[in-house]
Structure formats: structure tokens, C-alpha cells
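Engineer: What follows is final_6.pdb, made up of PDB, C-alpha atoms:
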```
ATOM      1  CA  MET R   1     182.399   4.416  -8.094  1.00  0.00           C
ATOM      2  CA  SER R   2     181.901   5.249  -4.425  1.00  0.00           C
ATOM      3  CA  LYS R   3     184.730   6.561  -2.285  1.00  0.00           C
ATOM      4  CA  GLN R   4     186.110   4.230   0.375  1.00  0.00           C
ATOM      5  CA  TYR R   5     185.565   5.715   3.843  1.00  0.00           C
ATOM      6  CA  ASN R   6     188.499   5.628   6.272  1.00  0.00           C
ATOM      7  CA  HIS R   7     186.676   4.448   9.402  1.00  0.00           C
ATOM      8  CA  PRO R   8     188.149   5.451  12.766  1.00  0.00           C
ATOM      9  CA  ILE R   9     188.782   2.899  15.492  1.00  0.00           C
ATOM     10  CA  ASN R  10     186.065   3.426  18.094  1.00  0.00           C
ATOM     11  CA  HIS R  11     187.322   1.245  20.940  1.00  0.00           C
ATOM     12  CA  MET R  12     189.153  -1.968  21.871  1.00  0.00           C
ATOM     13  CA  GLY R  13     188.262  -4.572  24.467  1.00  0.00           C
ATOM     14  CA  LEU R  14     190.815  -6.447  26.561  1.00  0.00           C
ATOM     15  CA  SER R  15     190.178  -9.467  28.763  1.00  0.00           C
ATOM     16  CA  VAL R  16     191.914  -9.211  32.146  1.00  0.00           C
ATOM     17  CA  PRO R  17     191.794 -11.399  35.278  1.00  0.00           C
ATOM     18  CA  ASN R  18     191.088  -8.454  37.645  1.00  0.00           C
ATOM     19  CA  VAL R  19     189.292  -5.387  36.276  1.00  0.00           C
ATOM     20  CA  GLU R  20     189.999  -3.218  39.336  1.00  0.00           C
ATOM     21  CA  GLU R  21     193.762  -3.811  39.084  1.00  0.00           C
ATOM     22  CA  ALA R  22     193.717  -3.290  35.305  1.00  0.00           C
ATOM     23  CA  LEU R  23     191.718  -0.064  35.634  1.00  0.00           C
ATOM     24  CA  LYS R  24     194.263   1.232  38.135  1.00  0.00           C
ATOM     25  CA  TRP R  25     197.179   0.241  35.879  1.00  0.00           C
ATOM     26  CA  TYR R  26     195.787   1.813  32.703  1.00  0.00           C
ATOM     27  CA  THR R  27     194.843   5.064  34.455  1.00  0.00           C
ATOM     28  CA  GLU R  28     198.045   5.408  36.517  1.00  0.00           C
ATOM     29  CA  VAL R  29     200.560   4.215  33.916  1.00  0.00           C
ATOM     30  CA  LEU R  30     199.123   5.288  30.562  1.00  0.00           C
ATOM     31  CA  GLY R  31     196.964   8.135  31.867  1.00  0.00           C
ATOM     32  CA  PHE R  32     193.743   6.803  30.342  1.00  0.00           C
ATOM     33  CA  VAL R  33     190.581   8.238  31.922  1.00  0.00           C
ATOM     34  CA  SER R  34     187.829   6.135  33.465  1.00  0.00           C
ATOM     35  CA  LEU R  35     184.391   7.003  32.102  1.00  0.00           C
ATOM     36  CA  GLY R  36     182.393   5.813  35.096  1.00  0.00           C
ATOM     37  CA  PRO R  37     182.059   3.047  37.621  1.00  0.00           C
ATOM     38  CA  ILE R  38     182.796  -0.587  36.887  1.00  0.00           C
ATOM     39  CA  ILE R  39     179.656  -2.309  35.619  1.00  0.00           C
ATOM     40  CA  VAL R  40     178.671  -5.882  36.518  1.00  0.00           C
ATOM     41  CA  GLU R  41     176.470  -7.686  34.009  1.00  0.00           C
ATOM     42  CA  ASP R  42     174.810 -10.932  35.102  1.00  0.00           C
ATOM     43  CA  ARG R  43     172.814 -13.074  32.668  1.00  0.00           C
ATOM     44  CA  ASP R  44     170.629 -14.399  35.519  1.00  0.00           C
ATOM     45  CA  ILE R  45     169.587 -10.848  36.469  1.00  0.00           C
ATOM     46  CA  ASN R  46     169.446  -9.175  33.060  1.00  0.00           C
ATOM     47  CA  PRO R  47     169.668 -11.665  30.172  1.00  0.00           C
ATOM     48  CA  ASP R  48     168.674  -9.020  27.603  1.00  0.00           C
ATOM     49  CA  THR R  49     171.515  -6.586  28.312  1.00  0.00           C
ATOM     50  CA  ALA R  50     173.591  -5.677  25.233  1.00  0.00           C
ATOM     51  CA  VAL R  51     176.695  -7.683  26.144  1.00  0.00           C
ATOM     52  CA  PHE R  52     174.692 -10.934  26.262  1.00  0.00           C
ATOM     53  CA  ARG R  53     172.828 -10.123  23.030  1.00  0.00           C
ATOM     54  CA  ILE R  54     175.956  -9.080  21.074  1.00  0.00           C
ATOM     55  CA  CYS R  55     178.361 -11.818  22.155  1.00  0.00           C
ATOM     56  CA  PRO R  56     177.840 -15.513  21.525  1.00  0.00           C
ATOM     57  CA  PRO R  57     176.664 -17.641  24.446  1.00  0.00           C
ATOM     58  CA  GLY R  58     179.301 -18.999  26.763  1.00  0.00           C
ATOM     59  CA  PHE R  59     179.602 -16.567  29.590  1.00  0.00           C
ATOM     60  CA  ASN R  60     177.117 -15.573  32.272  1.00  0.00           C
ATOM     61  CA  LYS R  61     178.712 -12.825  34.337  1.00  0.00           C
ATOM     62  CA  VAL R  62     181.234 -10.106  33.537  1.00  0.00           C
ATOM     63  CA  LYS R  63     182.672  -6.907  35.045  1.00  0.00           C
ATOM     64  CA  VAL R  64     183.444  -4.102  32.590  1.00  0.00           C
ATOM     65  CA  ALA R  65     185.378  -0.851  32.986  1.00  0.00           C
ATOM     66  CA  TYR R  66     185.181   1.850  30.310  1.00  0.00           C
ATOM     67  CA  LEU R  67     188.128   4.169  29.636  1.00  0.00           C
ATOM     68  CA  THR R  68     189.118   6.724  27.040  1.00  0.00           C
ATOM     69  CA  THR R  69     192.527   7.507  25.587  1.00  0.00           C
ATOM     70  CA  GLY R  70     194.056  10.889  24.813  1.00  0.00           C
ATOM     71  CA  ASN R  71     192.592  10.901  21.300  1.00  0.00           C
ATOM     72  CA  GLY R  72     189.151   9.581  22.255  1.00  0.00           C
ATOM     73  CA  VAL R  73     189.601   5.916  21.338  1.00  0.00           C
ATOM     74  CA  GLY R  74     187.854   3.811  23.947  1.00  0.00           C
ATOM     75  CA  LEU R  75     189.221   0.886  25.924  1.00  0.00           C
ATOM     76  CA  GLU R  76     186.961  -1.667  27.569  1.00  0.00           C
ATOM     77  CA  LEU R  77     188.430  -3.915  30.253  1.00  0.00           C
ATOM     78  CA  PHE R  78     186.518  -7.187  30.683  1.00  0.00           C
ATOM     79  CA  GLU R  79     186.845  -9.471  33.698  1.00  0.00           C
ATOM     80  CA  PHE R  80     184.885 -12.600  32.889  1.00  0.00           C
ATOM     81  CA  LEU R  81     183.472 -13.982  36.137  1.00  0.00           C
ATOM     82  CA  ASP R  82     181.476 -16.947  34.824  1.00  0.00           C
ATOM     83  CA  PRO R  83     183.421 -18.653  33.406  1.00  0.00           C
ATOM     84  CA  ARG R  84     186.631 -17.181  34.818  1.00  0.00           C
ATOM     85  CA  MET R  85     189.580 -16.266  32.629  1.00  0.00           C
ATOM     86  CA  ASP R  86     192.296 -18.930  32.692  1.00  0.00           C
ATOM     87  CA  PRO R  87     195.607 -17.089  33.230  1.00  0.00           C
ATOM     88  CA  ASN R  88     197.445 -20.085  31.751  1.00  0.00           C
ATOM     89  CA  LEU R  89     195.754 -19.375  28.417  1.00  0.00           C
ATOM     90  CA  ALA R  90     196.539 -15.642  28.413  1.00  0.00           C
ATOM     91  CA  SER R  91     198.460 -14.226  25.470  1.00  0.00           C
ATOM     92  CA  SER R  92     201.869 -13.138  26.671  1.00  0.00           C
ATOM     93  CA  PHE R  93     205.195 -12.345  25.058  1.00  0.00           C
ATOM     94  CA  GLU R  94     206.976 -13.513  28.197  1.00  0.00           C
ATOM     95  CA  SER R  95     205.365 -16.956  28.296  1.00  0.00           C
ATOM     96  CA  GLY R  96     206.205 -17.626  24.660  1.00  0.00           C
ATOM     97  CA  ARG R  97     203.316 -16.184  22.650  1.00  0.00           C
ATOM     98  CA  ASP R  98     202.427 -18.420  19.728  1.00  0.00           C
ATOM     99  CA  PHE R  99     202.919 -16.049  16.789  1.00  0.00           C
ATOM    100  CA  ARG R 100     201.028 -18.460  14.524  1.00  0.00           C
ATOM    101  CA  ARG R 101     197.867 -17.646  16.468  1.00  0.00           C
ATOM    102  CA  GLY R 102     195.662 -14.909  15.034  1.00  0.00           C
ATOM    103  CA  GLY R 103     194.230 -12.002  16.979  1.00  0.00           C
ATOM    104  CA  ILE R 104     195.506  -8.806  18.509  1.00  0.00           C
ATOM    105  CA  PHE R 105     199.307  -8.690  18.512  1.00  0.00           C
ATOM    106  CA  HIS R 106     199.619  -5.302  20.244  1.00  0.00           C
ATOM    107  CA  PHE R 107     198.178  -1.820  20.353  1.00  0.00           C
ATOM    108  CA  ALA R 108     200.268   1.336  20.344  1.00  0.00           C
ATOM    109  CA  VAL R 109     200.281   4.479  22.460  1.00  0.00           C
ATOM    110  CA  THR R 110     202.027   7.728  21.503  1.00  0.00           C
ATOM    111  CA  VAL R 111     204.147   9.123  24.344  1.00  0.00           C
ATOM    112  CA  PRO R 112     206.735  11.902  24.459  1.00  0.00           C
ATOM    113  CA  ASP R 113     209.381   9.770  26.253  1.00  0.00           C
ATOM    114  CA  VAL R 114     209.345   6.020  25.567  1.00  0.00           C
ATOM    115  CA  GLU R 115     212.086   5.253  28.089  1.00  0.00           C
ATOM    116  CA  ALA R 116     210.201   7.014  30.887  1.00  0.00           C
ATOM    117  CA  MET R 117     206.999   5.162  29.962  1.00  0.00           C
ATOM    118  CA  ALA R 118     208.767   1.788  29.859  1.00  0.00           C
ATOM    119  CA  LYS R 119     210.227   2.441  33.317  1.00  0.00           C
ATOM    120  CA  LYS R 120     206.851   3.574  34.655  1.00  0.00           C
ATOM    121  CA  ALA R 121     205.203   0.422  33.291  1.00  0.00           C
ATOM    122  CA  GLU R 122     207.855  -1.730  34.984  1.00  0.00           C
ATOM    123  CA  GLN R 123     207.393   0.133  38.281  1.00  0.00           C
ATOM    124  CA  HIS R 124     203.681  -0.727  38.129  1.00  0.00           C
ATOM    125  CA  GLY R 125     204.032  -4.449  37.375  1.00  0.00           C
ATOM    126  CA  GLY R 126     204.371  -4.288  33.588  1.00  0.00           C
ATOM    127  CA  LYS R 127     207.378  -5.522  31.653  1.00  0.00           C
ATOM    128  CA  ARG R 128     209.717  -4.246  28.985  1.00  0.00           C
ATOM    129  CA  ILE R 129     209.675  -6.819  26.214  1.00  0.00           C
ATOM    130  CA  ALA R 130     212.667  -5.584  24.228  1.00  0.00           C
ATOM    131  CA  GLN R 131     215.154  -2.774  23.897  1.00  0.00           C
ATOM    132  CA  THR R 132     214.184   0.649  22.587  1.00  0.00           C
ATOM    133  CA  VAL R 133     214.771   0.930  18.841  1.00  0.00           C
ATOM    134  CA  ARG R 134     214.735   3.744  16.292  1.00  0.00           C
ATOM    135  CA  VAL R 135     211.986   3.334  13.702  1.00  0.00           C
ATOM    136  CA  PHE R 136     212.152   5.904  10.895  1.00  0.00           C
ATOM    137  CA  GLY R 137     213.998   8.236  13.251  1.00  0.00           C
ATOM    138  CA  GLU R 138     211.586   7.827  16.169  1.00  0.00           C
ATOM    139  CA  ASP R 139     211.936   5.898  19.443  1.00  0.00           C
ATOM    140  CA  GLY R 140     209.779   2.839  20.032  1.00  0.00           C
ATOM    141  CA  VAL R 141     209.680  -0.029  22.515  1.00  0.00           C
ATOM    142  CA  TYR R 142     207.361  -2.928  23.303  1.00  0.00           C
ATOM    143  CA  ILE R 143     206.078  -3.364  26.828  1.00  0.00           C
ATOM    144  CA  GLN R 144     203.326  -5.509  28.251  1.00  0.00           C
ATOM    145  CA  ASP R 145     200.786  -4.847  30.937  1.00  0.00           C
ATOM    146  CA  PRO R 146     200.815  -7.117  34.016  1.00  0.00           C
ATOM    147  CA  TRP R 147     198.403  -9.491  32.207  1.00  0.00           C
ATOM    148  CA  GLY R 148     200.528 -10.047  29.102  1.00  0.00           C
ATOM    149  CA  ASN R 149     198.870  -7.657  26.629  1.00  0.00           C
ATOM    150  CA  GLY R 150     201.438  -6.239  24.207  1.00  0.00           C
ATOM    151  CA  ILE R 151     201.704  -2.441  24.041  1.00  0.00           C
ATOM    152  CA  GLU R 152     204.007  -0.517  21.727  1.00  0.00           C
ATOM    153  CA  VAL R 153     205.010   2.895  23.019  1.00  0.00           C
ATOM    154  CA  ILE R 154     206.283   5.202  20.321  1.00  0.00           C
ATOM    155  CA  SER R 155     207.337   8.850  20.267  1.00  0.00           C
ATOM    156  CA  THR R 156     205.187  10.067  17.370  1.00  0.00           C
ATOM    157  CA  SER R 157     201.799   9.531  15.768  1.00  0.00           C
ATOM    158  CA  TRP R 158     201.177   6.791  13.213  1.00  0.00           C
ATOM    159  CA  GLU R 159     200.740   9.299  10.390  1.00  0.00           C
ATOM    160  CA  GLN R 160     203.959  11.149  11.206  1.00  0.00           C
ATOM    161  CA  LEU R 161     205.858   7.889  11.513  1.00  0.00           C
ATOM    162  CA  LEU R 162     204.894   6.721   8.045  1.00  0.00           C
ATOM    163  CA  CYS R 163     204.328   9.930   6.072  1.00  0.00           C
ATOM    164  CA  ASN R 164     206.525  10.230   2.999  1.00  0.00           C
ATOM    165  CA  ARG R 165     208.068   6.809   3.652  1.00  0.00           C
ATOM    166  CA  SER R 166     207.752   3.573   1.762  1.00  0.00           C
ATOM    167  CA  THR R 167     205.809   1.052   3.828  1.00  0.00           C
ATOM    168  CA  GLY R 168     206.985  -1.867   1.679  1.00  0.00           C
ATOM    169  CA  ASN R 169     210.001  -2.560   3.877  1.00  0.00           C
ATOM    170  CA  LEU R 170     209.951  -1.396   7.482  1.00  0.00           C
ATOM    171  CA  VAL R 171     213.540  -0.412   8.107  1.00  0.00           C
ATOM    172  CA  VAL R 172     214.702  -0.030  11.682  1.00  0.00           C
ATOM    173  CA  ASP R 173     217.563   2.402  11.996  1.00  0.00           C
TER     174      ASP R 173
END
```
Could you write out this file's structure as C-alpha cells?
Structural biologist:
Amino acid sequence: MSKQYNHPINHMGLSVPNVEEALKWYTEVLGFVSLGPIIVEDRDINPDTAVFRICPPGFNKVKVAYLTTGNGVGLELFEFLDPRMDPNLASSFESGRDFRRGGIFHFAVTVPDVEAMAKKAEQHGGKRIAQTVRVFGEDGVYIQDPWGNGIEVISTSWEQLLCNRSTGNLVVD
């Protein structure tokens, strides 16, 4: 019997209506690091570029920013230019996210002070979604970026949060 490999997350991609504003927000608020200039891919100019070969047809032009997090997980920010993102269809807690819909619910970032991060996010156009709670003795709060993407900020790593604890019932203390 072969051993199951615990694959690391390599990167995530988020769709945003303005890649320059999102790049600024993610670098200034969460401290992520940009890995180079924003790239524009246009199917009319380069139809064989990777993004058009990997993704199904349906878009013709996109701007992409590449960032890295403190532990090396990548974040791609996509601004679809043709066709444009419809902000009325964006996933947002504030606008009444349909929890029956599949897909990314949130991603989490480990920070030393969740209250300070929530305030910083709000100062930069983000929103606090709920009150700070204690989860297994650690502070956690949900915020969202200015485009409605859910972000959990929590005061410890995932492994430390769940080590030596039953994951059958997540008890908030």
C-alpha cells in the first residue's frame, strides 16, 4: 500500500475588479510581497500563452498580479478585462452570500494581533464581518477585502490550533 502524500497548497487565485487596487491592498494590509510587475495577457496578441491554454474559453484579456505570503503560498490576483467582472455577481458576506453555493468560502492568514489586523483592513476599505471570537483558546475574526473575498485572521497556525484537539465538534470558547 502506498503512503498518501500531504500535498502543500501552492497558490490561490482571486478575481478582482481592479488588480492595481487589489495589489495595493494585499501588500499594504496583509504584507504580502509582489513578485513582479502586473502582466497583461491578450488572446489576440498571444493566444498560446499558458492562461489561455489552461483555462476554458470564455475570456480574451486579463491582468494578473503575482504575490507571495509569509510562508511562500502564492496569491494570483486576476482582473478579467474581456469580459469584465460583474461586481453584482461577486461573492460577498455583506451582500448576503449564498451559502448553498460551492467554491471558496474564505482563506486564512496567521497574524499576531487579530484586532489590529481587522482595524487595518477597515482603514484600507475592507470590512469586519463579525466579532472576534476565541477558538480553542486563540483569537480569530472574519474580515473581507474591499471586493468581498472572505479572509479569516487568526492568532496561531492551523496545526497549533488543532493539535491535540478533537476536530469532530469545533467548539468556540
Engineer: Point out the residue among R:Gln144, R:Thr68, R:Asn88, R:Ser155 with the least atom-to-atom distance to Val111 (chain R), counting only C-alpha atoms.
Structural biologist: R:Ser155
Engineer: If we count only C-alpha atoms, what is near Arg84 (chain R) at a cut-off of 10 Å, once residues fewer than 5 positions away on the same chain are taken out, given as JSON, numbers by chain?
Structural biologist: {"R": [16, 17, 59, 60, 61, 62, 79]}
Engineer: Restrict the selected residues to C-alpha atoms and save them as an mmCIF file, keeping the file's coordinate frame.
Structural biologist:
```cif
data_model
loop_
_atom_site.group_PDB
_atom_site.id
_atom_site.type_symbol
_atom_site.label_atom_id
_atom_site.label_comp_id
_atom_site.auth_asym_id
_atom_site.auth_seq_id
_atom_site.Cartn_x
_atom_site.Cartn_y
_atom_site.Cartn_z
ATOM 1 C CA VAL R 16 191.914 -9.211 32.146
ATOM 2 C CA PRO R 17 191.794 -11.399 35.278
ATOM 3 C CA PHE R 59 179.602 -16.567 29.590
ATOM 4 C CA ASN R 60 177.117 -15.573 32.272
ATOM 5 C CA LYS R 61 178.712 -12.825 34.337
ATOM 6 C CA VAL R 62 181.234 -10.106 33.537
ATOM 7 C CA GLU R 79 186.845 -9.471 33.698
#
```
Engineer: Using only C-alpha atoms, I'd like a table of the residues in region 62-163 of chain R that come within 6 Å of region 30-35 of chain R; for each, show the closest atom pair and its distance in Å rounded to one decimal, ordered by chain and ascending number, as a tab-separated table.
Structural biologist:
```
residue	atom	partner	partner_atom	distance
R:Tyr66	CA	R:Leu35	CA	5.5
R:Leu67	CA	R:Ser34	CA	4.3
R:Thr68	CA	R:Val33	CA	5.3
R:Thr69	CA	R:Phe32	CA	5.0
```
Engineer: Applied to this file, what does the PyMOL selection byres ((chain R and resi 116) around 12) return in terms of residues, put as number ranges by chain?
Structural biologist: R: 29-30, 111-115, 117-123, 128, 132, 139-141, 143, 153-155
Engineer: In terms of the shortest atom-to-atom distance over only C-alpha atoms, which of R:Ile151, R:Ile45, R:Ile9, R:Val133 is closest to Val109 (chain R)?
Structural biologist: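 For Val109 (chain R), the nearest of the candidates is R:Ile151.
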Engineer: Kindly indicate which residue among R:His124, R:His11, R:His106, R:Arg43 lies nearest to Asp82 (chain R), using all atoms listed in the file for the distances.
Structural biologist: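 Closest to Asp82 (chain R), using all atoms listed in the file: R:Arg43.
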Engineer: Taking all atoms listed in the file into account, name the residue in R:Cys163, R:Val19, R:Gly125, R:Thr110 that is nearest to Asn71 (chain R).
Structural biologist: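 Nearest to Asn71 (chain R): R:Thr110.
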Engineer: Once the PyMOL selection byres ((chain R and resi 10) around 9) is applied to the coordinates I shared, what remains selected? I want it as a PyMOL selection string.
Structural biologist: chain R and resi 7-9+11-12+72-75
Engineer: Can you give me, as a PyMOL selection string, the residues this file yields under the PyMOL selection byres ((chain R and resi 65) around 6)?
Structural biologist: chain R and resi 38+64+66+76-77
Engineer: Give me a file of those residues, with C-alpha atoms, as a tab-separated table (two decimals), in the coordinates of the input.
Structural biologist:
```tsv
chain	number	residue	atom	x	y	z
R	38	ILE	CA	182.80	-0.59	36.89
R	64	VAL	CA	183.44	-4.10	32.59
R	66	TYR	CA	185.18	1.85	30.31
R	76	GLU	CA	186.96	-1.67	27.57
R	77	LEU	CA	188.43	-3.92	30.25
```
Engineer: Please, what distance in Å, to one decimal, runs between CA of Gln131 (chain R) and CA of Ala108 (chain R)?
Structural biologist: 15.8 Å
Engineer: Between R:Thr156, R:Asn18, R:Thr49, R:Thr27, single out the one closest to Phe136 (chain R), counting all atoms listed in the file.
Structural biologist: R:Thr156
Engineer: Any idea what the distance is between CA of Phe80 (chain R) and CA of Ser15 (chain R)?
Structural biologist: 7.4 Å
Engineer: To one decimal in Å, tell me the separation between CA of Gly148 (chain R) and CA of Phe52 (chain R).
Structural biologist: 26.0 Å
Engineer: Calculated over all atoms listed in the file, which of the candidates R:Ala22, R:Leu14, R:Cys55, R:Leu81 has the smallest distance to Gly126 (chain R)?
Structural biologist: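 Comparing R:Ala22, R:Leu14, R:Cys55, R:Leu81 against Gly126 (chain R), the winner is R:Ala22.
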Engineer: Padding 4 Å on each side, edges along x, y and z: where is the centre of the box around the listed atoms of region 15-25 of chain R, and how long are its edges in Å to one decimal? Output it as JSON.
Structural biologist:
```
{"center_x": 193.2, "center_y": -5.1, "center_z": 34.0, "size_x": 15.9, "size_y": 20.6, "size_z": 18.6}
```
Engineer: Could you please fill out region 58-84 of chain R with N, CA and C atoms and send it back as an mmCIF file, in the frame of the given file?
Structural biologist:
```cif
data_model
loop_
_atom_site.group_PDB
_atom_site.id
_atom_site.type_symbol
_atom_site.label_atom_id
_atom_site.label_comp_id
_atom_site.auth_asym_id
_atom_site.auth_seq_id
_atom_site.Cartn_x
_atom_site.Cartn_y
_atom_site.Cartn_z
ATOM 1 N N GLY R 58 178.092 -18.389 26.217
ATOM 2 C CA GLY R 58 179.301 -18.999 26.763
ATOM 3 C C GLY R 58 179.769 -18.338 28.040
ATOM 4 N N PHE R 59 179.279 -17.163 28.305
ATOM 5 C CA PHE R 59 179.602 -16.567 29.590
ATOM 6 C C PHE R 59 178.331 -15.999 30.206
ATOM 7 N N ASN R 60 178.327 -15.952 31.554
ATOM 8 C CA ASN R 60 177.117 -15.573 32.272
ATOM 9 C C ASN R 60 177.269 -14.344 33.147
ATOM 10 N N LYS R 61 178.509 -13.978 33.457
ATOM 11 C CA LYS R 61 178.712 -12.825 34.337
ATOM 12 C C LYS R 61 180.041 -12.176 33.991
ATOM 13 N N VAL R 62 180.040 -10.842 33.936
ATOM 14 C CA VAL R 62 181.234 -10.106 33.537
ATOM 15 C C VAL R 62 181.249 -8.748 34.236
ATOM 16 N N LYS R 63 182.462 -8.283 34.569
ATOM 17 C CA LYS R 63 182.672 -6.907 35.045
ATOM 18 C C LYS R 63 183.322 -6.155 33.899
ATOM 19 N N VAL R 64 182.899 -4.896 33.692
ATOM 20 C CA VAL R 64 183.444 -4.102 32.590
ATOM 21 C C VAL R 64 183.779 -2.703 33.092
ATOM 22 N N ALA R 65 184.978 -2.237 32.736
ATOM 23 C CA ALA R 65 185.378 -0.851 32.986
ATOM 24 C C ALA R 65 185.539 -0.176 31.632
ATOM 25 N N TYR R 66 185.106 1.081 31.554
ATOM 26 C CA TYR R 66 185.181 1.850 30.310
ATOM 27 C C TYR R 66 186.156 3.003 30.497
ATOM 28 N N LEU R 67 187.129 3.114 29.573
ATOM 29 C CA LEU R 67 188.128 4.169 29.636
ATOM 30 C C LEU R 67 188.195 4.869 28.291
ATOM 31 N N THR R 68 188.839 6.033 28.291
ATOM 32 C CA THR R 68 189.118 6.724 27.040
ATOM 33 C C THR R 68 190.589 7.107 27.010
ATOM 34 N N THR R 69 191.132 7.149 25.797
ATOM 35 C CA THR R 69 192.527 7.507 25.587
ATOM 36 C C THR R 69 192.618 8.992 25.244
ATOM 37 N N GLY R 70 193.834 9.477 25.098
ATOM 38 C CA GLY R 70 194.056 10.889 24.813
ATOM 39 C C GLY R 70 193.462 11.379 23.511
ATOM 40 N N ASN R 71 193.202 10.484 22.566
ATOM 41 C CA ASN R 71 192.592 10.901 21.300
ATOM 42 C C ASN R 71 191.164 10.381 21.154
ATOM 43 N N GLY R 72 190.558 9.955 22.264
ATOM 44 C CA GLY R 72 189.151 9.581 22.255
ATOM 45 C C GLY R 72 188.849 8.151 21.862
ATOM 46 N N VAL R 73 189.853 7.330 21.602
ATOM 47 C CA VAL R 73 189.601 5.916 21.338
ATOM 48 C C VAL R 73 189.309 5.243 22.671
ATOM 49 N N GLY R 74 188.256 4.456 22.710
ATOM 50 C CA GLY R 74 187.854 3.811 23.947
ATOM 51 C C GLY R 74 188.604 2.521 24.216
ATOM 52 N N LEU R 75 188.661 2.164 25.494
ATOM 53 C CA LEU R 75 189.221 0.886 25.924
ATOM 54 C C LEU R 75 188.261 0.284 26.929
ATOM 55 N N GLU R 76 187.791 -0.922 26.629
ATOM 56 C CA GLU R 76 186.961 -1.667 27.569
ATOM 57 C C GLU R 76 187.826 -2.741 28.208
ATOM 58 N N LEU R 77 187.730 -2.866 29.523
ATOM 59 C CA LEU R 77 188.430 -3.915 30.253
ATOM 60 C C LEU R 77 187.380 -4.899 30.751
ATOM 61 N N PHE R 78 187.481 -6.152 30.323
ATOM 62 C CA PHE R 78 186.518 -7.187 30.683
ATOM 63 C C PHE R 78 187.142 -8.171 31.662
ATOM 64 N N GLU R 79 186.489 -8.379 32.792
ATOM 65 C CA GLU R 79 186.845 -9.471 33.698
ATOM 66 C C GLU R 79 185.694 -10.472 33.652
ATOM 67 N N PHE R 80 185.922 -11.581 32.988
ATOM 68 C CA PHE R 80 184.885 -12.600 32.889
ATOM 69 C C PHE R 80 184.828 -13.365 34.205
ATOM 70 N N LEU R 81 183.654 -13.359 34.830
ATOM 71 C CA LEU R 81 183.472 -13.982 36.137
ATOM 72 C C LEU R 81 182.889 -15.388 36.045
ATOM 73 N N ASP R 82 182.080 -15.634 35.007
ATOM 74 C CA ASP R 82 181.476 -16.947 34.824
ATOM 75 C C ASP R 82 181.349 -17.211 33.337
ATOM 76 N N PRO R 83 182.278 -18.009 32.769
ATOM 77 C CA PRO R 83 183.421 -18.653 33.406
ATOM 78 C C PRO R 83 184.584 -17.673 33.602
ATOM 79 N N ARG R 84 185.470 -18.019 34.518
ATOM 80 C CA ARG R 84 186.631 -17.181 34.818
ATOM 81 C C ARG R 84 187.682 -17.317 33.722
#
```
